[in-house]
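*Asks:* Dropping in start.pdb, which is PDB, C-alpha atoms:
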ATOM      1  CA  MET P 182       0.000   0.000   0.000  1.00  0.00           C
ATOM      2  CA  LYS P 183       1.230   3.482  -0.808  1.00  0.00           C
ATOM      3  CA  ALA P 184       2.572   5.593   2.030  1.00  0.00           C
ATOM      4  CA  GLU P 185      -0.012   8.335   1.346  1.00  0.00           C
ATOM      5  CA  MET P 186      -2.869   5.827   1.631  1.00  0.00           C
ATOM      6  CA  ARG P 187      -1.466   4.465   4.900  1.00  0.00           C
ATOM      7  CA  GLN P 188      -1.112   8.014   6.216  1.00  0.00           C
ATOM      8  CA  LYS P 189      -4.718   8.724   5.234  1.00  0.00           C
ATOM      9  CA  LEU P 190      -5.866   5.634   7.149  1.00  0.00           C
ATOM     10  CA  ALA P 191      -3.823   6.739  10.151  1.00  0.00           C
ATOM     11  CA  ARG P 192      -5.664  10.088  10.120  1.00  0.00           C
ATOM     12  CA  GLU P 193      -9.136   8.525  10.308  1.00  0.00           C
ATOM     13  CA  SER P 194     -11.128   8.809  13.524  1.00  0.00           C
ATOM     14  CA  PHE P 195     -10.350   6.266  16.241  1.00  0.00           C
ATOM     15  CA  ALA P 196     -13.919   4.919  16.043  1.00  0.00           C
ATOM     16  CA  GLU P 197     -13.561   4.358  12.292  1.00  0.00           C
ATOM     17  CA  LYS P 198     -10.206   2.644  12.790  1.00  0.00           C
ATOM     18  CA  ILE P 199     -11.706   0.360  15.448  1.00  0.00           C
ATOM     19  CA  ARG P 200     -14.473  -0.580  12.972  1.00  0.00           C
ATOM     20  CA  LYS P 201     -11.754  -1.487  10.457  1.00  0.00           C
ATOM     21  CA  VAL P 202      -9.922  -3.603  13.061  1.00  0.00           C
ATOM     22  CA  ALA P 203     -13.180  -5.522  13.631  1.00  0.00           C
ATOM     23  CA  GLN P 204     -13.426  -6.077   9.853  1.00  0.00           C
ATOM     24  CA  LEU P 205      -9.814  -7.307   9.751  1.00  0.00           C
ATOM     25  CA  ILE P 206     -10.534  -9.772  12.586  1.00  0.00           C
ATOM     26  CA  ARG P 207     -13.630 -11.073  10.753  1.00  0.00           C
ATOM     27  CA  LEU P 208     -11.585 -11.487   7.556  1.00  0.00           C
ATOM     28  CA  ALA P 209      -8.828 -13.292   9.440  1.00  0.00           C
ATOM     29  CA  LYS P 210     -11.390 -15.701  10.891  1.00  0.00           C
ATOM     30  CA  THR P 211     -13.013 -16.256   7.482  1.00  0.00           C
ATOM     31  CA  PHE P 212      -9.736 -16.724   5.597  1.00  0.00           C
ATOM     32  CA  PRO P 213      -7.249 -17.888   8.246  1.00  0.00           C
ATOM     33  CA  HIS P 214      -4.745 -19.376   5.762  1.00  0.00           C
ATOM     34  CA  ARG P 215      -4.748 -16.308   3.530  1.00  0.00           C
ATOM     35  CA  ASN P 216      -4.296 -14.113   6.586  1.00  0.00           C
ATOM     36  CA  ARG P 217      -1.234 -16.091   7.636  1.00  0.00           C
ATOM     37  CA  LEU P 218       0.266 -15.575   4.188  1.00  0.00           C
ATOM     38  CA  ASN P 219      -0.338 -11.847   4.474  1.00  0.00           C
ATOM     39  CA  HIS P 220       0.800 -11.681   8.091  1.00  0.00           C
ATOM     40  CA  ARG P 221       2.201  -8.291   8.949  1.00  0.00           C
ATOM     41  CA  PRO P 222       4.900  -7.983  11.594  1.00  0.00           C
ATOM     42  CA  ALA P 223       3.003  -5.295  13.525  1.00  0.00           C
ATOM     43  CA  ALA P 224      -0.045  -7.519  14.030  1.00  0.00           C
ATOM     44  CA  ARG P 225      -0.610  -9.128  17.409  1.00  0.00           C
TER
ATOM     45  CA  MET N 132     -27.483  -5.966  24.410  1.00  0.00           C
ATOM     46  CA  ALA N 133     -26.477  -8.556  27.049  1.00  0.00           C
ATOM     47  CA  ILE N 134     -22.848  -8.294  28.124  1.00  0.00           C
ATOM     48  CA  ASN N 135     -21.853 -11.594  26.550  1.00  0.00           C
ATOM     49  CA  GLU N 136     -23.801 -11.298  23.329  1.00  0.00           C
ATOM     50  CA  PRO N 137     -21.207 -11.296  20.517  1.00  0.00           C
ATOM     51  CA  SER N 138     -20.845  -7.990  18.728  1.00  0.00           C
ATOM     52  CA  ASP N 139     -19.911  -7.256  15.088  1.00  0.00           C
ATOM     53  CA  ASN N 140     -17.822  -4.329  16.254  1.00  0.00           C
ATOM     54  CA  LEU N 141     -15.148  -4.437  18.948  1.00  0.00           C
ATOM     55  CA  PRO N 142     -16.824  -3.759  22.310  1.00  0.00           C
ATOM     56  CA  LEU N 143     -14.195  -1.154  23.133  1.00  0.00           C
ATOM     57  CA  ALA N 144     -16.669   1.314  24.668  1.00  0.00           C
ATOM     58  CA  ASP N 145     -17.786  -1.443  27.079  1.00  0.00           C
ATOM     59  CA  VAL N 146     -14.160  -2.161  27.983  1.00  0.00           C
ATOM     60  CA  LEU N 147     -13.411   1.502  28.694  1.00  0.00           C
ATOM     61  CA  ARG N 148     -16.646   1.911  30.660  1.00  0.00           C
ATOM     62  CA  ALA N 149     -15.734  -1.134  32.784  1.00  0.00           C
ATOM     63  CA  ALA N 150     -12.290   0.313  33.504  1.00  0.00           C
ATOM     64  CA  ASN N 151     -13.930   3.552  34.680  1.00  0.00           C
ATOM     65  CA  GLU N 152     -16.211   1.490  36.907  1.00  0.00           C
ATOM     66  CA  LEU N 153     -13.172  -0.160  38.509  1.00  0.00           C
ATOM     67  CA  VAL N 154     -11.989   3.315  39.528  1.00  0.00           C
ATOM     68  CA  ALA N 155     -15.462   4.215  40.828  1.00  0.00           C
ATOM     69  CA  ALA N 156     -15.554   0.952  42.807  1.00  0.00           C
ATOM     70  CA  GLY N 157     -12.253   1.899  44.462  1.00  0.00           C
ATOM     71  CA  LEU N 158     -10.397  -1.116  43.054  1.00  0.00           C
ATOM     72  CA  ILE N 159      -7.868   0.818  40.997  1.00  0.00           C
ATOM     73  CA  GLU N 160      -6.421   4.311  41.182  1.00  0.00           C
ATOM     74  CA  ASP N 161      -6.144   4.995  37.468  1.00  0.00           C
ATOM     75  CA  TRP N 162      -5.864   3.229  34.118  1.00  0.00           C
ATOM     76  CA  ALA N 163      -5.098   3.705  30.430  1.00  0.00           C
ATOM     77  CA  LEU N 164      -5.500   1.771  27.214  1.00  0.00           C
ATOM     78  CA  GLY N 165      -2.130   0.510  25.988  1.00  0.00           C
ATOM     79  CA  GLY N 166      -0.860  -2.124  23.557  1.00  0.00           C
ATOM     80  CA  ALA N 167      -1.904  -2.483  19.937  1.00  0.00           C
ATOM     81  CA  LEU N 168      -5.227  -0.642  20.280  1.00  0.00           C
ATOM     82  CA  ALA N 169      -3.455   2.370  21.743  1.00  0.00           C
ATOM     83  CA  ALA N 170      -1.007   2.301  18.821  1.00  0.00           C
ATOM     84  CA  ILE N 171      -3.947   2.202  16.400  1.00  0.00           C
ATOM     85  CA  TYR N 172      -5.147   5.502  17.860  1.00  0.00           C
ATOM     86  CA  TYR N 173      -2.063   7.040  16.188  1.00  0.00           C
ATOM     87  CA  VAL N 174      -1.425   4.828  13.136  1.00  0.00           C
ATOM     88  CA  GLU N 175      -3.270   2.906  10.423  1.00  0.00           C
ATOM     89  CA  PRO N 176      -5.532   0.076  11.671  1.00  0.00           C
ATOM     90  CA  PHE N 177      -4.073  -3.451  11.836  1.00  0.00           C
ATOM     91  CA  THR N 178      -5.251  -6.780  13.156  1.00  0.00           C
ATOM     92  CA  THR N 179      -5.172  -7.242  16.897  1.00  0.00           C
ATOM     93  CA  TYR N 180      -6.996  -9.769  19.008  1.00  0.00           C
ATOM     94  CA  ASP N 181      -7.164  -8.209  22.444  1.00  0.00           C
ATOM     95  CA  ALA N 182      -7.175  -5.002  24.459  1.00  0.00           C
ATOM     96  CA  ASP N 183      -4.558  -4.174  27.090  1.00  0.00           C
ATOM     97  CA  ILE N 184      -5.697  -2.090  30.038  1.00  0.00           C
ATOM     98  CA  PHE N 185      -2.821  -0.947  32.236  1.00  0.00           C
ATOM     99  CA  PHE N 186      -3.880   0.070  35.723  1.00  0.00           C
ATOM    100  CA  ILE N 187      -2.376   1.560  38.853  1.00  0.00           C
ATOM    101  CA  SER N 188      -3.615  -0.584  41.683  1.00  0.00           C
ATOM    102  CA  LYS N 189      -4.801   0.684  45.037  1.00  0.00           C
ATOM    103  CA  ASP N 190      -3.753  -2.675  46.445  1.00  0.00           C
ATOM    104  CA  LYS N 191       0.032  -2.520  46.728  1.00  0.00           C
ATOM    105  CA  GLY N 192       0.265  -6.193  47.713  1.00  0.00           C
ATOM    106  CA  LEU N 193       1.751  -9.001  45.626  1.00  0.00           C
ATOM    107  CA  THR N 194      -1.422  -9.663  43.639  1.00  0.00           C
ATOM    108  CA  GLY N 195      -1.780  -5.987  42.658  1.00  0.00           C
ATOM    109  CA  GLY N 196      -5.528  -6.245  43.188  1.00  0.00           C
ATOM    110  CA  ILE N 197      -6.015  -8.612  40.230  1.00  0.00           C
ATOM    111  CA  PRO N 198      -8.289 -11.099  42.091  1.00  0.00           C
ATOM    112  CA  ALA N 199     -10.660  -8.288  43.118  1.00  0.00           C
ATOM    113  CA  ILE N 200     -10.742  -6.955  39.537  1.00  0.00           C
ATOM    114  CA  TYR N 201     -11.557 -10.415  38.184  1.00  0.00           C
ATOM    115  CA  ALA N 202     -14.247 -10.964  40.808  1.00  0.00           C
ATOM    116  CA  HIS N 203     -15.814  -7.572  40.073  1.00  0.00           C
ATOM    117  CA  LEU N 204     -15.906  -8.103  36.304  1.00  0.00           C
ATOM    118  CA  GLN N 205     -17.063 -11.714  36.539  1.00  0.00           C
ATOM    119  CA  ALA N 206     -19.955 -10.497  38.693  1.00  0.00           C
ATOM    120  CA  GLN N 207     -20.803  -8.173  35.764  1.00  0.00           C
ATOM    121  CA  GLY N 208     -20.916 -11.160  33.384  1.00  0.00           C
ATOM    122  CA  TRP N 209     -17.365 -11.129  32.021  1.00  0.00           C
ATOM    123  CA  GLN N 210     -15.868 -14.549  31.351  1.00  0.00           C
ATOM    124  CA  VAL N 211     -12.355 -15.765  32.093  1.00  0.00           C
ATOM    125  CA  GLU N 212     -10.192 -17.495  29.502  1.00  0.00           C
ATOM    126  CA  ARG N 213      -6.596 -18.079  30.589  1.00  0.00           C
ATOM    127  CA  GLU N 214      -4.945 -14.666  31.177  1.00  0.00           C
ATOM    128  CA  HIS N 215      -7.816 -12.769  29.531  1.00  0.00           C
ATOM    129  CA  LEU N 216     -11.197 -11.553  30.618  1.00  0.00           C
ATOM    130  CA  LEU N 217     -13.767 -11.753  27.819  1.00  0.00           C
ATOM    131  CA  ILE N 218     -16.509  -9.276  27.046  1.00  0.00           C
ATOM    132  CA  ARG N 219     -18.766 -10.207  24.104  1.00  0.00           C
ATOM    133  CA  GLY N 220     -16.081 -12.734  23.163  1.00  0.00           C
ATOM    134  CA  PHE N 221     -13.385 -10.054  22.963  1.00  0.00           C
ATOM    135  CA  PRO N 222     -10.323 -10.719  25.158  1.00  0.00           C
ATOM    136  CA  VAL N 223      -9.096  -8.012  27.504  1.00  0.00           C
ATOM    137  CA  GLN N 224      -5.972  -8.160  29.601  1.00  0.00           C
ATOM    138  CA  PHE N 225      -5.710  -6.109  32.806  1.00  0.00           C
ATOM    139  CA  LEU N 226      -2.047  -5.432  33.539  1.00  0.00           C
ATOM    140  CA  ALA N 227      -0.679  -3.867  36.712  1.00  0.00           C
ATOM    141  CA  ALA N 228       1.454  -0.868  35.768  1.00  0.00           C
ATOM    142  CA  HIS N 229       4.964  -0.514  37.200  1.00  0.00           C
ATOM    143  CA  GLY N 230       7.913   1.747  36.389  1.00  0.00           C
ATOM    144  CA  LEU N 231       7.664   2.913  32.768  1.00  0.00           C
ATOM    145  CA  THR N 232       4.081   1.710  32.320  1.00  0.00           C
ATOM    146  CA  GLU N 233       2.993   3.433  35.557  1.00  0.00           C
ATOM    147  CA  GLU N 234       4.459   6.655  34.188  1.00  0.00           C
ATOM    148  CA  ASP N 235       2.610   5.972  30.911  1.00  0.00           C
ATOM    149  CA  VAL N 236      -0.699   5.653  32.762  1.00  0.00           C
ATOM    150  CA  ARG N 237      -0.111   8.858  34.757  1.00  0.00           C
ATOM    151  CA  ASP N 238       0.844  10.779  31.599  1.00  0.00           C
ATOM    152  CA  ALA N 239      -1.871   9.246  29.373  1.00  0.00           C
ATOM    153  CA  GLU N 240      -3.944  11.349  26.997  1.00  0.00           C
ATOM    154  CA  ARG N 241      -7.628  11.890  27.749  1.00  0.00           C
ATOM    155  CA  ILE N 242      -9.993  10.930  24.951  1.00  0.00           C
ATOM    156  CA  ASP N 243     -13.689  10.489  24.403  1.00  0.00           C
ATOM    157  CA  TYR N 244     -14.619   7.233  22.685  1.00  0.00           C
ATOM    158  CA  GLU N 245     -18.272   6.898  21.719  1.00  0.00           C
ATOM    159  CA  GLY N 246     -19.299   9.023  24.703  1.00  0.00           C
ATOM    160  CA  VAL N 247     -17.029   7.217  27.174  1.00  0.00           C
ATOM    161  CA  SER N 248     -14.261   9.175  28.852  1.00  0.00           C
ATOM    162  CA  ALA N 249     -11.037   7.223  28.550  1.00  0.00           C
ATOM    163  CA  ARG N 250      -7.279   7.495  28.808  1.00  0.00           C
ATOM    164  CA  ILE N 251      -4.832   6.210  26.246  1.00  0.00           C
ATOM    165  CA  PHE N 252      -1.051   5.903  26.203  1.00  0.00           C
ATOM    166  CA  ARG N 253       0.708   8.725  24.390  1.00  0.00           C
ATOM    167  CA  ALA N 254       2.489   7.770  21.171  1.00  0.00           C
ATOM    168  CA  GLU N 255       5.891   8.620  22.678  1.00  0.00           C
ATOM    169  CA  HIS N 256       5.248   6.219  25.556  1.00  0.00           C
ATOM    170  CA  ILE N 257       4.167   3.447  23.159  1.00  0.00           C
ATOM    171  CA  VAL N 258       7.469   3.892  21.306  1.00  0.00           C
ATOM    172  CA  ALA N 259       9.392   3.713  24.604  1.00  0.00           C
ATOM    173  CA  ILE N 260       7.588   0.538  25.716  1.00  0.00           C
ATOM    174  CA  ALA N 261       8.233  -1.058  22.318  1.00  0.00           C
ATOM    175  CA  ALA N 262      11.923  -0.099  22.602  1.00  0.00           C
ATOM    176  CA  SER N 263      12.064  -1.673  26.066  1.00  0.00           C
ATOM    177  CA  VAL N 264      10.477  -4.950  24.896  1.00  0.00           C
ATOM    178  CA  GLY N 265      12.265  -5.163  21.532  1.00  0.00           C
ATOM    179  CA  ARG N 266      10.485  -8.084  19.841  1.00  0.00           C
ATOM    180  CA  HIS N 267      10.165  -8.064  16.058  1.00  0.00           C
ATOM    181  CA  LYS N 268       6.590  -6.744  16.232  1.00  0.00           C
ATOM    182  CA  ASP N 269       7.690  -4.008  18.661  1.00  0.00           C
ATOM    183  CA  LEU N 270      10.352  -2.818  16.238  1.00  0.00           C
ATOM    184  CA  ALA N 271       7.734  -2.771  13.463  1.00  0.00           C
ATOM    185  CA  ARG N 272       5.454  -0.739  15.751  1.00  0.00           C
ATOM    186  CA  ILE N 273       8.211   1.794  16.411  1.00  0.00           C
ATOM    187  CA  GLU N 274       8.794   2.212  12.678  1.00  0.00           C
ATOM    188  CA  GLN N 275       5.062   2.633  12.076  1.00  0.00           C
ATOM    189  CA  LEU N 276       4.727   5.266  14.817  1.00  0.00           C
ATOM    190  CA  LEU N 277       7.799   7.152  13.611  1.00  0.00           C
ATOM    191  CA  GLN N 278       6.308   7.265  10.116  1.00  0.00           C
ATOM    192  CA  GLN N 279       2.651   7.960  10.870  1.00  0.00           C
ATOM    193  CA  ALA N 280       2.249   9.605  14.285  1.00  0.00           C
ATOM    194  CA  ASP N 281       2.937  13.222  15.142  1.00  0.00           C
ATOM    195  CA  LEU N 282       5.497  12.462  17.810  1.00  0.00           C
ATOM    196  CA  ASP N 283       6.724  15.028  20.283  1.00  0.00           C
ATOM    197  CA  LYS N 284      10.444  14.397  19.749  1.00  0.00           C
ATOM    198  CA  SER N 285      11.587  16.149  22.925  1.00  0.00           C
ATOM    199  CA  ARG N 286       9.083  14.191  25.058  1.00  0.00           C
ATOM    200  CA  LEU N 287      10.253  10.955  23.428  1.00  0.00           C
ATOM    201  CA  GLU N 288      13.936  11.791  23.988  1.00  0.00           C
ATOM    202  CA  ASN N 289      13.198  12.609  27.615  1.00  0.00           C
ATOM    203  CA  ILE N 290      11.408   9.290  28.257  1.00  0.00           C
ATOM    204  CA  LEU N 291      14.089   7.260  26.468  1.00  0.00           C
ATOM    205  CA  GLN N 292      16.891   9.000  28.352  1.00  0.00           C
ATOM    206  CA  ARG N 293      15.287   8.628  31.787  1.00  0.00           C
ATOM    207  CA  HIS N 294      14.636   4.911  31.231  1.00  0.00           C
ATOM    208  CA  ASN N 295      17.992   4.275  29.569  1.00  0.00           C
ATOM    209  CA  LEU N 296      16.373   3.133  26.321  1.00  0.00           C
ATOM    210  CA  LYS N 297      17.523   3.467  22.737  1.00  0.00           C
ATOM    211  CA  LEU N 298      15.587   3.334  19.489  1.00  0.00           C
ATOM    212  CA  PRO N 299      16.687   0.574  17.108  1.00  0.00           C
ATOM    213  CA  LYS N 300      18.955   1.703  14.293  1.00  0.00           C
ATOM    214  CA  PRO N 301      17.104   1.899  10.939  1.00  0.00           C
TER
END
Here is a file; write its structure as C-alpha cells.
*Replies:*
Amino acid sequence: MKAEMRQKLARESFAEKIRKVAQLIRLAKTFPHRNRLNHRPAAR
Amino acid sequence: MAINEPSDNLPLADVLRAANELVAAGLIEDWALGGALAAIYYVEPFTTYDADIFFISKDKGLTGGIPAIYAHLQAQGWQVEREHLLIRGFPVQFLAAHGLTEEDVRDAERIDYEGVSARIFRAEHIVAIAASVGRHKDLARIEQLLQQADLDKSRLENILQRHNLKLPKP
C-alpha cells in the first residue's frame, strides 16, 4: 500500500479505525490461511 | 445488548466503561488503554486480538488487586479465559502498571470514545515501551509510529533518556 494511503488511514477517527480492526478480525477468521500468508509484523 | 452477546464491532466502549467502573468501585487508582489498540489511535488500523488495560492498583500487595478486579468483572458477566477476561467474546488483559508503564498511565492522553471518557497511552510512551520490549513486532510498531504519528520528539527523547532506552537503528 502506498505511504499516502497508509497516512490517510492513520488520520481517520479512532472509532472508524476500530471498525476497520473488527473487519480485519472477521476477515482473518473467514480466511485464516490467507491471513497467515499476508501476516504483517506489527499484528498481534 | 447482554454483556456476553457477541458484537460485530469491537466492544471497546464497554471495555473503557468497565475500567472507569473499577476506579469508581475503588479497586484501581487509574488506568489507560495501551498495547496495539493504543497504537492504532495514532497509526493505520491493523489486526489485533485483544485489548490491554494498564492500571495503577490501590492494592500494593503481591497480587496488585487482580483477584478483586476479576471478581468484580465476573460479577458483571465477564468470562475468564486463561490470562484474559472476555466481554462479548473479545479478550481483555488487565495489567498492573509498574515503572515505565505506571508513568505511561499517569501521563496518558484523555480521549472520548463513543461518549465514554477514557485514557490512552501517548504515542511517545508506546514507542518507549516497544523499545524496552524489543520483539520483532515491537520494532515494526516503532517504525510505524515514527512514520505515521505526530510524535513530540523532545518528550520521546526525555522518556528514552530517563529509562535508559535506545531506538533501534534503521
*Asks:* What's around Ile206 in chain P at 8 Å? Count only C-alpha atoms, leave out sequence neighbours fewer than 3 positions away in its own chain, and write the answer as a PDB file with C-alpha atoms, keeping the file's coordinate frame.
*Replies:*
ATOM      1  CA  VAL P 202      -9.922  -3.603  13.061  1.00  0.00           C
ATOM      2  CA  ALA P 203     -13.180  -5.522  13.631  1.00  0.00           C
ATOM      3  CA  ALA P 209      -8.828 -13.292   9.440  1.00  0.00           C
ATOM      4  CA  LYS P 210     -11.390 -15.701  10.891  1.00  0.00           C
TER       5      LYS P 210
ATOM      6  CA  THR N 178      -5.251  -6.780  13.156  1.00  0.00           C
ATOM      7  CA  THR N 179      -5.172  -7.242  16.897  1.00  0.00           C
ATOM      8  CA  TYR N 180      -6.996  -9.769  19.008  1.00  0.00           C
TER       9      TYR N 180
END
*Asks:* Find the residues of chain P in contact range of chain N, meaning any atom within 8 Å when counting all atoms listed in the file, and list them as number ranges by chain.
*Replies:* P: 187-192, 195-196, 198-206, 222-225
*Asks:* Can I get the selection written as a PDB file, in the coordinates of the input, with C-alpha atoms?
*Replies:*
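Result file is out.pdb:
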ATOM      1  CA  ARG P 187      -1.466   4.465   4.900  1.00  0.00           C
ATOM      2  CA  GLN P 188      -1.112   8.014   6.216  1.00  0.00           C
ATOM      3  CA  LYS P 189      -4.718   8.724   5.234  1.00  0.00           C
ATOM      4  CA  LEU P 190      -5.866   5.634   7.149  1.00  0.00           C
ATOM      5  CA  ALA P 191      -3.823   6.739  10.151  1.00  0.00           C
ATOM      6  CA  ARG P 192      -5.664  10.088  10.120  1.00  0.00           C
ATOM      7  CA  PHE P 195     -10.350   6.266  16.241  1.00  0.00           C
ATOM      8  CA  ALA P 196     -13.919   4.919  16.043  1.00  0.00           C
ATOM      9  CA  LYS P 198     -10.206   2.644  12.790  1.00  0.00           C
ATOM     10  CA  ILE P 199     -11.706   0.360  15.448  1.00  0.00           C
ATOM     11  CA  ARG P 200     -14.473  -0.580  12.972  1.00  0.00           C
ATOM     12  CA  LYS P 201     -11.754  -1.487  10.457  1.00  0.00           C
ATOM     13  CA  VAL P 202      -9.922  -3.603  13.061  1.00  0.00           C
ATOM     14  CA  ALA P 203     -13.180  -5.522  13.631  1.00  0.00           C
ATOM     15  CA  GLN P 204     -13.426  -6.077   9.853  1.00  0.00           C
ATOM     16  CA  LEU P 205      -9.814  -7.307   9.751  1.00  0.00           C
ATOM     17  CA  ILE P 206     -10.534  -9.772  12.586  1.00  0.00           C
ATOM     18  CA  PRO P 222       4.900  -7.983  11.594  1.00  0.00           C
ATOM     19  CA  ALA P 223       3.003  -5.295  13.525  1.00  0.00           C
ATOM     20  CA  ALA P 224      -0.045  -7.519  14.030  1.00  0.00           C
ATOM     21  CA  ARG P 225      -0.610  -9.128  17.409  1.00  0.00           C
TER      22      ARG P 225
END
*Asks:* CA of Trp209 in chain N and CA of Asp238 in chain N, how far apart in Å?
*Replies:* 28.5 Å
*Asks:* Which residues are near His294 in chain N? Cut-off 9 Å, only C-alpha atoms, ignore same chain within fewer than 6 positions. Put them as a VMD selection string.
*Replies:* chain N and resid 231 259 263
*Asks:* One decimal, in Å: what's the spacing between CA of Gln224 in chain N and CA of Leu277 in chain N?
*Replies:*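 So the two atoms, CA of Gln224 in chain N and CA of Leu277 in chain N, lie 26.1 Å apart.
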*Asks:* Between CA of Val258 in chain N and CA of Met186 in chain P, what is the distance, to one decimal in Å?
*Replies:*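 Separation between CA of Val258 in chain N and CA of Met186 in chain P: 22.3 Å.
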*Asks:* Got a sec: who's within 12 Å of Arg213 in chain N, counting only C-alpha atoms, leaving out chain neighbours fewer than 4 positions off, as a VMD selection string?
*Replies:* chain N and resid 201 217 222 to 224
*Asks:* Would you pick out the contacts of Ala150 in chain N at 10 Å or less, using all atoms listed in the file, so that residues sharing its chain but fewer than 4 positions from it are not included, and give the list as an MDAnalysis selection string?
*Replies:* chainID N and resid 144:146 154:156 158:159 161:164 184:186 200 204 225 249:250
*Asks:* Once 4 Å is added on each side, what centre and edge lengths in Å to one decimal does the axis-aligned box around all listed atoms of range 219-238 of chain N have, as lines of an AutoDock Vina configuration file?
*Replies:*
center_x = -5.4
center_y = -1.0
center_z = 30.1
size_x = 34.7
size_y = 31.5
size_z = 22.2
*Asks:* When the PyMOL selection byres ((chain N and resi 210) around 10) is applied to the file above, which residues end up in the set, as a ChimeraX atom specification?
*Replies:* /N:134-135,201,204-209,211-213,215-222
*Asks:* For the file shown, report as a ChimeraX atom specification the outcome of the PyMOL selection byres ((chain N and resi 254) around 7) at residue level.
*Replies:* /N:170,173,252-253,255-258,282
*Asks:* The PyMOL selection byres ((chain N and resi 290) around 10) - which residues does that actually catch in the file I just gave you? List them as a compact mmCIF listing (two decimals) with C-alpha atoms, keeping the file's coordinate frame.
*Replies:*
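Saved file result.txt follows:
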# COMPACT_ATOMS: atom_id res chain seq x y z
CA LEU N 231 7.66 2.91 32.77
CA GLU N 234 4.46 6.66 34.19
CA ASP N 235 2.61 5.97 30.91
CA GLU N 255 5.89 8.62 22.68
CA HIS N 256 5.25 6.22 25.56
CA VAL N 258 7.47 3.89 21.31
CA ALA N 259 9.39 3.71 24.60
CA ILE N 260 7.59 0.54 25.72
CA LYS N 284 10.44 14.40 19.75
CA SER N 285 11.59 16.15 22.92
CA ARG N 286 9.08 14.19 25.06
CA LEU N 287 10.25 10.96 23.43
CA GLU N 288 13.94 11.79 23.99
CA ASN N 289 13.20 12.61 27.62
CA LEU N 291 14.09 7.26 26.47
CA GLN N 292 16.89 9.00 28.35
CA ARG N 293 15.29 8.63 31.79
CA HIS N 294 14.64 4.91 31.23
CA ASN N 295 17.99 4.28 29.57
CA LEU N 296 16.37 3.13 26.32
